[in-house]
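The next block holds one structure in the form of structure tokens; read it before the comments.
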Amino acid sequence: MQLAIDKTIMQDAREDAKAIAKAIKAFIDEKTTTSVERSILRLLGIDQATDFGVPLVNAVVDHIVEHGDLSRGVCHYMAHAVKKTDKSPKAIATLIASGKMHMKDFAKKAVPDYSVLTPYFLATEKIIQHQAKKRREHLHEYDVPEKYVIVATGNIYEDIKQALSAVEKGADIIAVIRTTGQSLLDYVPDGVTQEGFGGTYATQENFRLMREALDESTKTHGRYIKLVNYASGLCMPEIAVLGAIERLDMMLNDSLYGIIFRDINMQRTFIDQHFSRVIGAYSDIVINTGEDNYLTTTDAFDNAHTVIASQFINEQFASLAGMPSRLMGLGHAYEIDPAKPHSFLYEIANAQLSRQCFPNAPLKYMPPTKHMHGDIFNGIAQNTLFNIAAQLTGQNIHLLGMLTEAIHTPFVSDRALALNNAKHIETAMLALKDELTIKPGGMIEKRANDVLKDAKKLLESIREMGLFKALEKGTFADIARTQDGGKGLEGVFDKHPHYRNIPMERFMQALKAGESNE
Amino acid sequence: MQLAIDKTIMQDAREDAKAIAKAIKAFIDEKTTTSVERSILRLLGIDQATDFGVPLVNAVVDHIVEHGDLSRGVCHYMAHAVKKTDKSPKAIATLIASGKMHMKDFAKKAVPDYSVLTPYFLATEKIIQHQAKKRREHLHEYDVPEKYVIVATGNIYEDIKQALSAVEKGADIIAVIRTTGQSLLDYVPDGVTQEGFGGTYATQENFRLMREALDESTKTHGRYIKLVNYASGLCMPEIAVLGAIERLDMMLNDSLYGIIFRDINMQRTFIDQHFSRVIGAYSDIVINTGEDNYLTTTDAFDNAHTVIASQFINEQFASLAGMPSRLMGLGHAYEIDPAKPHSFLYEIANAQLSRQCFPNAPLKYMPPTKHMHGDIFNGIAQNTLFNIAAQLTGQNIHLLGMLTEAIHTPFVSDRALALNNAKHIETAMLALKDELTIKPGGMIEKRANDVLKDAKKLLESIREMGLFKALEKGTFADIARTQDGGKGLEGVFDKHPHYRNIPMERFMQALKAGESNE
Amino acid sequence: MNKKLLLPYGDTLDDGKVQLSFSLPCPCNPTGDAAAKATAEAMGLYDVHVVHSSALGEGFSFYVVYGMRKDPIDISTLEVRDVETQAMSKDEVEAFIAEKFDRPLVFIGASTGSDAHTVGIDAIMNMKGIHGHYGLERYKGIQAINLGSQVDNETLLEKAKEHRADVILVSQTVTQKDIHIRNLTAFVELLEAEGERDNFIIVVGGARISHALAKELGFDAGFGPKKYAFDVASFAVNALFDKMRHQE
Amino acid sequence: MNKKLLLPYGDTLDDGKVQLSFSLPCPCNPTGDAAAKATAEAMGLYDVHVVHSSALGEGFSFYVVYGMRKDPIDISTLEVRDVETQAMSKDEVEAFIAEKFDRPLVFIGASTGSDAHTVGIDAIMNMKGIHGHYGLERYKGIQAINLGSQVDNETLLEKAKEHRADVILVSQTVTQKDIHIRNLTAFVELLEAEGERDNFIIVVGGARISHALAKELGFDAGFGPKKYAFDVASFAVNALFDKMRHQE
Ligand code: B12
Ligand code: B12
Ligand SMILES: Cc1ncc(COP(=O)(O)O)c(C=O)c1O
Ligand SMILES: Cc1ncc(COP(=O)(O)O)c(C=O)c1O
């Protein structure tokens with residue numbers, strides 16, 4: 001089932017997106033953020049929190065911001081401190097947090113000998129490499145959509161029970177949804193948590209607990225179960241580090257989501273995103289982007305092209321971070337109003353267009369949510385159509401729709417019913433996409449080309465005005481944000497001429513060296 | 001969406017079926033039955049029952065069997081009686097029922113002047129023509145499957161409420177299911193009824209009440225609502241008469257169903273069926289055949305060809321009764337085990353094969369029933385696939401599946417959910433079948449041709465041994481019946497050389513005259 | 001026994017979450033919603049949400065409702081009425097018969113009354129069985145006679161006597177307006193009236209039949225969905241063996 | 001008022017048929033089935049059928065159940081708490097404002113707390129509205145200020161004072177673990193603590209919000225699904241008019 005799509009327009013769209021991403025990259029290359037610096041500290045092995053619950057990495061960065069000059073970057077300070085004290089970065093951080101040591105004096109010092117940090121970075125890199133290797137050993141290729149379900153009880157122990165039940169029912173991927181407030185927190189909570197709203201806190205310990213449980217069930221079921229969380233919000237790159245260390249397999253990671261739906265400052269999150277994607281690329285973690293959300297907010301038919309445009313941009317952002325296509329889980333969604341005649345045809349057009357624009361990307365396909373209502377019986381029918389569309393267009397990361405989408409975060413049975421439905425469709429229709437040809441020049445093909453054309457036009461105009469301006473005009477999801485508005489701008493710093501982000505350099509080098517193994 | 005189907009095999013299959021039907025026709029032409037004779041009496045205007053609930057038509061026929069010789073046919077007796085008494089057939093019947101008149105003496109009399117009956121036949125024919133005209137005025141062509149739902153409360157008044165609710169929810173066709181014991185009753189109960197099991201008694205008054213209610217709602221909704229009941233069981237042709245008089249629009253009518261699933265004697269019901277189809281053809285009533293039932297009883301994949309074979313036979317039986325294709329609602333069903341890989345592909349093959357073998361017949365497509373279980377949520381998903389198959393293959397009479405199929409006869413809400421589902425699919429996929437081409441030589445096309453080949457082989461062997469023998473061997477639904485076994489053989493009579501079935505002659509003549517308006 | 005309290009589970013232990021749906025014979029409006037809520041509350045649910053309501057034509061409306069149960073049930077007090085015999089495999093049943101009986105056992109079965117459903121009784125009795133479990137016909141030591149459907153109680157008893165059956169198998173599928181209860185009760189009464197009750201093990205099965213119901217109606221056992229020939233054979237041969245020992 | 005008794009309806013008046021589904025934190029086995037049945041019976045259902053049961057992994061099981069209610073509810077006794085104001089059309093609202101007030105009315109709204117859902121509040125406030133019903137921004141005589149999402153209670157009050165708002169519109173979509181109850185209660189308490197409660201008409205809306213709940217929490221009105229700008233405007237302008245007359 002292939003559509004005849006205009007290759008030239010596709011190529012042009014990609015070129016525009018590349019220019020858009022490069023312009024942003026040039027801007028953010030001059031800057032760093034508190035969260036980037038905290039991520040570097042985490043890569044130096046600094047974890048845990050003070051007795052008051054302040055993560056050590058926050059204590060250190062706050063200390064530098066207050067008493068020093070963050071524009072030089074934490075590597076500068078830590079290299080000096082390690083050299084001077086011969087203590088580990090974690091020990092140093094503990095001292096700083098308890099007020100027993102000061103970084104102030106290092107602020108004005110010359111460029112340090114960064115190599116003193118190498119052993120610490122190496123230690124974390126070993127862990128990450130070990131995790132990536134472990135994943136590769138377990139993973140085999142799926143040629144069917146992988147069944148992705150969420151758990152969101154607010155309590156990690158309850159989440160684990162729900163996840164294990166889902167695995168028994170056939171889930172391939174478990175995503176632990178975050179509590180509603182977390183993305184605006186400027187720190188990553190520490191330790192195990194048992195209360196959250198609409199989701200569970202993302203913490204290193206929660207990651208570890210869930211990973212352990214899933215590894216256990218991987219043994220029982222003989223198939224590797226993937227774990228997902230969110231490298232997004234104000235702590236985007238830090239969570240990317242935690243995900244790499246605790247072997248998450250996928251992370252929701254998309255600045256545009258944070259800007260539009262969380263009102264996070266765009267400069268801040270573009271900078272954060274770049275580093276988080278470098279970390280992801282190095283750790284072999286698939287990212288999931290959030291274009292689907294545009295369609296939950298605005299009309300899905302009228303705005304289909306915004307999804308494609310954004311996917312092109314996200315592809316280029318990822319690419320600039322050294323990420324191969326096989327890690328780009330670009331998002332889209334089945335959100336066309338079922339009351340609209342021919343909705344299924346239009347949806348097939350969209351989904352297949354995404355498929356053909358990004359043939360090597362593991363597309364993330366989201367289920368109907370907006371037009372789900374309290375009629376759970378109709379909900380099942382909508383999800384059935386969605387599952388069929390996923391099969392027919394060969395989607396990869398298949399987020400299962402829940403019959404109770406409009407009511408509550410999933411019950412254990414909701415998930416089981418969703419998994420049954422997906423298996424049912426898979427069994428019934430596995431070979432269908434190879435049996436069908438779509439009429440050349442028919443409604444579906446025409447719609448796909450129209451959407452692509454509109455996406456290209458949109459990209460062209462974004463390229464002209466720049467992405468910042470485009471976001472100020474409410475290009476995506478009809479929501480407008482300003483370059484200096486939103487949350488987290490205070491965490492953005494210009495880089496000092498001597499600024500170095502050592503782990504980013506190391507990762508990029510490694511990625512370049514390994515480029516051939518895309 | 002067309003499949004390349006081997007035309008020669010199709011033609012050969014049709015030829016075999018024609019020979020099979022003709023052989024049966026030759027056999028049954030020599031015979032009549034109590035129910036055929038009662039039907040003739042009904043066409044003479046004899047309705048209602050005695051104070052003891054014995055229908056007058058039964059009283060008369062039983063009287064003749066006991067005291068006369070039914071092989072001469074009721075026309076013989078009635079013509080003599082009318083001539084002699086100058087009373088109406090109904091008045092005569094009343095006298096006979098109360099023992100005030102005897103037919104005995106007419107048994108040995110010569111051929112009467114049948115023309116004395118003409119005014120009475122004419123009166124009924126007028127009613128039937130009037131009803132057919134009324135239907136034609138209202139009816140317009142649908143190019144989408146017509147949504148057919150059942151009501152089965154056991155109480156005609158409750159049935160009416162349920163039917164009206166269904167009409168508001170979008171039903172096009174209402175079928176009143178019969179109580180479980182009725183097909184084995186050798187009389188049609190009289191008057192309104194309020195208790196039945198798994199269905200409601202088929203009576204003239206119940207027909208009238210429902211027709212009236214639906215005509216009322218046709219006015220409100222501006223679309224003609226069709227009414228269905230069963231011309232089947234031991235009173236097959238009688239109910240056909242009642243349906244014609246009360247303007248039913250479709251009748252389940254298939255001897256094979258009665259033989260196999262009700263253990264009705266095959267001779268009896270083939271004879272009954274022929275007359276009932278002549279009546280139906282004359283009255284412009286669509287028949288529904290019961291091939292779907294083979295698949296509820298045996299494996300639907302392995303026995304797909306038995307459905308096609310039986311459809312060919314039913315087509316020929318109908319044709320011999322003067323029925324145009326537009327009245328042949330040949331039955332089939334979506335009953336493949338959803339646990340079987342590729343079930344949807346195989347189903348599309350079957351449904352499309354039926355479609356292409358009988359391009360002008362209003363196919364009756366039955367929903368999943370056998371693999372429906374108590375999991376009502378999965379039930380919705382199965383019904384969704386069925387509705388899609390109905391759309392894709394252009395079925396006409398679309399019996400909606402109920403999520404509670406495995407549990408109870410439909411609740412008012414079950415029907416509403418089913419109608420919502422069907423509308424949902426219709427809206428989403430209306431144009432899909434025109435957008436898709438099926439891979440030449442692919443799994444679907446191959447399967448369709450395989451099924452046709454097997455059907456042709458089966459027809460060939462039935463032609464060789466004759467249909468009676470084939471039924472004795474359990475050809476359909478794995479259920480074997482003998483030529484002289486089953487219920488109702490005592491109601492079969494050889495025709496006297498002078499036997500005449502006047503209304504059948506009149507109807508066939510009218511049908512021949514009007515043949516061009518197929 | 002220790003108390004074992006159990007509440008429905010949504011996503012947190014003891015949250016008591018339950019989903020309901022039903023229609024009401026009233027129009028779909030705020031009063032209807034309130035009536036739906038009140039109905040759910042009358043069922044002991046709290047925090048009730050009517051998450052969906054829609055009109056079903058004039059005078060009827062449909063509701064989907066979620067709510068929470070507070071009062072757990074104590075499963076230690078439940079009488080779980082399931083056939084007690086440990087199920088044996090086909091081979092084990094055959095060995096059991098060979099060992100304990102010196103003759104083949106006769107099982108006679110039918111779908112009775114106006115019930116025309118044979119797939120269930122066939123699944124139990126015929127050679128091929130169902131879902132990979134052979135039917136009784138294939139069991140060594142068992143003679144299986146399947147009378148098919150629409151067999152009235154009198155005929156069934158007559159044939160059972162004629163074939164000197166050990167076990168009578170009754171299948172009932174149609175249950176609307178409790179027609180099966182009437183029909184099954186009539187069968188037991190018939191056996192008792194004719195003094196034949198003790199001469200047979202009588203077993204009933206069908207999609208809506210439970211062991212509890214069967215016992216209540218005076219049958220020796222009842223089998224519902226997911227029960228196969230080996231289940232009923234295991235029960236019956238044990239029951240016959242017990243009876244034999246008892247009579248000795 | 002006369003009693004008006006109502007029972008659920010399956011296919012016959014007063015048959016009381018209800019469908020349930022729920023999970024239990026126990027394995028799927030005959031005891032589980034019995035527990036499901038007992039749970040339904042504890043809800044006042046009789047003739048209970050567990051029509052489906054399946055395992056949800058270790059230690060959990062899922063049930064679909066049908067049963068019948070015997071005790072009707074009396075709908076004449078129900079307190080149907082819906083906003084009492086007769087809804088006016090946009091034109092009517094505009095005319096009402098023009099006639100009764102000599103200044104534009106200020107409506108300020110936000111999705112509060114950590115709630116990031118704006119589609120609901122936008123549907124009420126923004127020009128384009130939803131489902132063909134324009135939002136308040138388009139109403140002559142109304143000045144609509146939409147603060148968007150994730151607005152904390154303090155900021156909302158501050159902005160309301162700053163703009164001399166007449167009406168405060170709060171939207172709450174996330175309700176898990178009753179986070180909306182906490183948040184809405186805190187807002188009312190804040191208003192009261194600052195002596196500002198009487199200076200505003202306060203209205204809450206959202207998918208899981210009902211008028212009854214809103215009143216309980218101390219709001220003037222609550223609006224759930226299928227409510228539009230004209231509904232809330234009708235209520236608010238009437239309430240403001242009443243208040244004005246009252247103060248005169
Ligand atoms: C197939 C079928 C038919 C076929 C039957 C063909 C045949 N040769 O049997 C046909 C098409 C003829 C038919 C007709 C009708 N049917 Co029907 N039919 C069904 C259907 C789709 C499947 C039943 C089935 O075969 N199940 C598979 C078997 C293997 O399961 P089972 O019977 O439960 O058997 C298992 C166990 O229960 C147990 N078991 C069963 N019997 C016995 C006996 C013993 C002794 C033991 C130990 C165990 C045992 O072992 C089996 C294996 O595990 C059901 C719907 C459904 N999905 O359940 C409706 C259904 C049973 N039919 C129904 C009805 C109403 C009818 C009609 C009366 C409709 C009408 N008015 O025309 C007619 C007439 C039949 C009649 N008078 O009885 C209703 C019954 C409603 C109710 N609860 O009362 C159902 C539920 C559909 C519905 N929702 O309306 N039907
Ligand atoms: C769109 C959507 C989103 C979008 C929101 C985009 C945006 N700009 O608003 C995005 C993708 C960002 C999103 C994110 C999340 N969402 Co969300 N989302 C939805 C979804 C699909 C639709 C909601 C919607 O827009 N409905 C359409 C509007 C028009 O309806 P409405 O809000 O009910 O509004 C009407 C009335 O209620 C009323 N009304 C509403 N507000 C007001 C105010 C006043 C004053 C008045 C008078 C009337 C009124 O008028 C409106 C018109 O009739 C629902 C599922 C669903 N189908 O309902 C989940 C849903 C609401 N989300 C949910 C969750 C949990 C989240 C997250 C917290 C998940 C997570 N952990 O990441 C996140 C984070 C957001 C947060 N912190 O709040 C849950 C909430 C569960 C619960 N009951 O607690 C839902 C139900 C999905 C689910 N089953 O899990 N979501
Ligand atoms: C890309 C992306 N990131 C993040 C989120 C939400 O997470 P949070 O708001 O907790 O960061 C979503 C939610 O759907 C998303 O799609
Ligand atoms: C063709 C046909 N006739 C008749 C019936 C059943 O009706 P009865 O047994 O009451 O004649 C069916 C049932 O599905 C059928 O398919």
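Simple scheme: letters A, B, ... for chains in structure tokens order, numbers from 1 for residues in each chain, numbers from 1 for ligands in the order shown.
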inquiry  = Which residues are close to Pro55 in chain A, i.e. within 8 Å by only C-alpha atoms, leaving aside same-chain residues fewer than 2 positions away? Reply as a PyMOL selection string.
reply    = chain A and resi 47-50+53+57-59+187-190
message = Residues of chain A within 6 Å of chain B, counting only C-alpha atoms, what are they? List them as number ranges by chain.
response = A: 341-344, 427-429, 435-439
So that I have them on file, write out the residues from the current selection with all heavy atoms, as an mmCIF file, in the first residue's frame.
```cif
data_model
loop_
_atom_site.group_PDB
_atom_site.id
_atom_site.type_symbol
_atom_site.label_atom_id
_atom_site.label_comp_id
_atom_site.auth_asym_id
_atom_site.auth_seq_id
_atom_site.Cartn_x
_atom_site.Cartn_y
_atom_site.Cartn_z
ATOM 1 N N PRO A 341 -17.614 12.977 7.174
ATOM 2 C CA PRO A 341 -17.648 11.918 6.165
ATOM 3 C C PRO A 341 -16.246 11.622 5.632
ATOM 4 O O PRO A 341 -15.432 12.533 5.500
ATOM 5 C CB PRO A 341 -18.541 12.500 5.064
ATOM 6 C CG PRO A 341 -19.425 13.462 5.785
ATOM 7 C CD PRO A 341 -18.573 14.059 6.877
ATOM 8 N N HIS A 342 -15.988 10.385 5.374
ATOM 9 C CA HIS A 342 -14.714 9.910 4.826
ATOM 10 C C HIS A 342 -13.545 10.026 5.807
ATOM 11 O O HIS A 342 -12.391 9.993 5.391
ATOM 12 C CB HIS A 342 -14.349 10.659 3.537
ATOM 13 C CG HIS A 342 -15.471 10.747 2.566
ATOM 14 N ND1 HIS A 342 -16.105 9.630 2.082
ATOM 15 C CD2 HIS A 342 -16.110 11.805 1.988
ATOM 16 C CE1 HIS A 342 -17.070 9.990 1.254
ATOM 17 N NE2 HIS A 342 -17.100 11.301 1.187
ATOM 18 N N SER A 343 -13.832 10.159 7.075
ATOM 19 C CA SER A 343 -12.747 10.378 8.030
ATOM 20 C C SER A 343 -11.677 9.294 7.932
ATOM 21 O O SER A 343 -10.488 9.587 8.022
ATOM 22 C CB SER A 343 -13.292 10.443 9.460
ATOM 23 O OG SER A 343 -13.944 9.244 9.803
ATOM 24 N N PHE A 344 -12.088 8.068 7.726
ATOM 25 C CA PHE A 344 -11.102 6.988 7.675
ATOM 26 C C PHE A 344 -10.172 7.159 6.470
ATOM 27 O O PHE A 344 -8.970 6.920 6.559
ATOM 28 C CB PHE A 344 -11.799 5.625 7.631
ATOM 29 C CG PHE A 344 -10.851 4.475 7.767
ATOM 30 C CD1 PHE A 344 -10.338 4.119 9.001
ATOM 31 C CD2 PHE A 344 -10.454 3.735 6.657
ATOM 32 C CE1 PHE A 344 -9.447 3.054 9.136
ATOM 33 C CE2 PHE A 344 -9.569 2.665 6.783
ATOM 34 C CZ PHE A 344 -9.070 2.328 8.031
ATOM 35 N N THR A 427 -4.291 -10.053 14.246
ATOM 36 C CA THR A 427 -4.525 -11.416 13.758
ATOM 37 C C THR A 427 -5.382 -11.404 12.498
ATOM 38 O O THR A 427 -5.106 -12.113 11.535
ATOM 39 C CB THR A 427 -5.249 -12.248 14.840
ATOM 40 O OG1 THR A 427 -4.516 -12.128 16.053
ATOM 41 C CG2 THR A 427 -5.335 -13.706 14.447
ATOM 42 N N ALA A 428 -6.405 -10.585 12.517
ATOM 43 C CA ALA A 428 -7.357 -10.601 11.397
ATOM 44 C C ALA A 428 -6.787 -9.972 10.131
ATOM 45 O O ALA A 428 -7.152 -10.354 9.026
ATOM 46 C CB ALA A 428 -8.637 -9.876 11.811
ATOM 47 N N MET A 429 -5.875 -8.986 10.286
ATOM 48 C CA MET A 429 -5.516 -8.138 9.142
ATOM 49 C C MET A 429 -4.041 -8.065 8.839
ATOM 50 O O MET A 429 -3.631 -7.212 8.043
ATOM 51 C CB MET A 429 -5.995 -6.710 9.431
ATOM 52 C CG MET A 429 -7.457 -6.613 9.663
ATOM 53 S SD MET A 429 -8.006 -4.911 9.399
ATOM 54 C CE MET A 429 -9.773 -5.153 9.416
ATOM 55 N N GLU A 435 -2.184 -6.589 0.442
ATOM 56 C CA GLU A 435 -3.206 -7.049 -0.504
ATOM 57 C C GLU A 435 -3.884 -5.891 -1.213
ATOM 58 O O GLU A 435 -4.571 -6.080 -2.198
ATOM 59 C CB GLU A 435 -4.287 -7.829 0.262
ATOM 60 C CG GLU A 435 -3.887 -9.231 0.663
ATOM 61 C CD GLU A 435 -4.013 -10.204 -0.492
ATOM 62 O OE1 GLU A 435 -5.023 -10.161 -1.215
ATOM 63 O OE2 GLU A 435 -3.090 -11.023 -0.673
ATOM 64 N N LEU A 436 -3.724 -4.696 -0.645
ATOM 65 C CA LEU A 436 -4.515 -3.571 -1.139
ATOM 66 C C LEU A 436 -3.671 -2.571 -1.917
ATOM 67 O O LEU A 436 -2.528 -2.292 -1.564
ATOM 68 C CB LEU A 436 -5.185 -2.852 0.029
ATOM 69 C CG LEU A 436 -6.170 -3.672 0.865
ATOM 70 C CD1 LEU A 436 -6.710 -2.834 2.010
ATOM 71 C CD2 LEU A 436 -7.317 -4.200 0.009
ATOM 72 N N THR A 437 -4.243 -2.058 -2.953
ATOM 73 C CA THR A 437 -3.641 -0.952 -3.679
ATOM 74 C C THR A 437 -4.617 0.210 -3.588
ATOM 75 O O THR A 437 -5.823 0.002 -3.640
ATOM 76 C CB THR A 437 -3.470 -1.314 -5.165
ATOM 77 O OG1 THR A 437 -2.886 -2.599 -5.232
ATOM 78 C CG2 THR A 437 -2.596 -0.311 -5.886
ATOM 79 N N ILE A 438 -4.066 1.409 -3.460
ATOM 80 C CA ILE A 438 -4.940 2.569 -3.381
ATOM 81 C C ILE A 438 -5.050 3.211 -4.745
ATOM 82 O O ILE A 438 -4.066 3.334 -5.481
ATOM 83 C CB ILE A 438 -4.397 3.545 -2.321
ATOM 84 C CG1 ILE A 438 -4.635 2.916 -0.949
ATOM 85 C CG2 ILE A 438 -5.067 4.895 -2.417
ATOM 86 C CD1 ILE A 438 -4.098 3.701 0.186
ATOM 87 N N LYS A 439 -6.244 3.595 -5.066
ATOM 88 C CA LYS A 439 -6.525 4.138 -6.391
ATOM 89 C C LYS A 439 -5.636 5.340 -6.695
ATOM 90 O O LYS A 439 -5.628 6.323 -5.960
ATOM 91 C CB LYS A 439 -7.987 4.553 -6.449
ATOM 92 C CG LYS A 439 -8.437 5.085 -7.800
ATOM 93 C CD LYS A 439 -9.931 4.955 -7.966
ATOM 94 C CE LYS A 439 -10.600 6.335 -7.899
ATOM 95 N NZ LYS A 439 -12.070 6.204 -7.832
#
```
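In chain A, the set of residues within 7 Å of chain C (atoms considered: only C-alpha atoms) is Thr153, Glu158, Gly374, Asp375, Phe411 and Val412 of chain A.
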query = Contacts of range 104-114 of chain C at 7 Å or less, counting only C-alpha atoms, minus same-chain residues fewer than 5 places along, as a PyMOL selection string?
reply = (chain B and resi 180-181) or (chain C and resi 121+141-153+160+165-172+183)
message = Ranking D:Val80, D:Ile97, D:Ala116, D:Ala36 by minimum distance to ligand 3 and counting only C-alpha atoms and all ligand atoms, which one comes first?
response =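 Among the listed residues, D:Ala116 lies closest to ligand 3.
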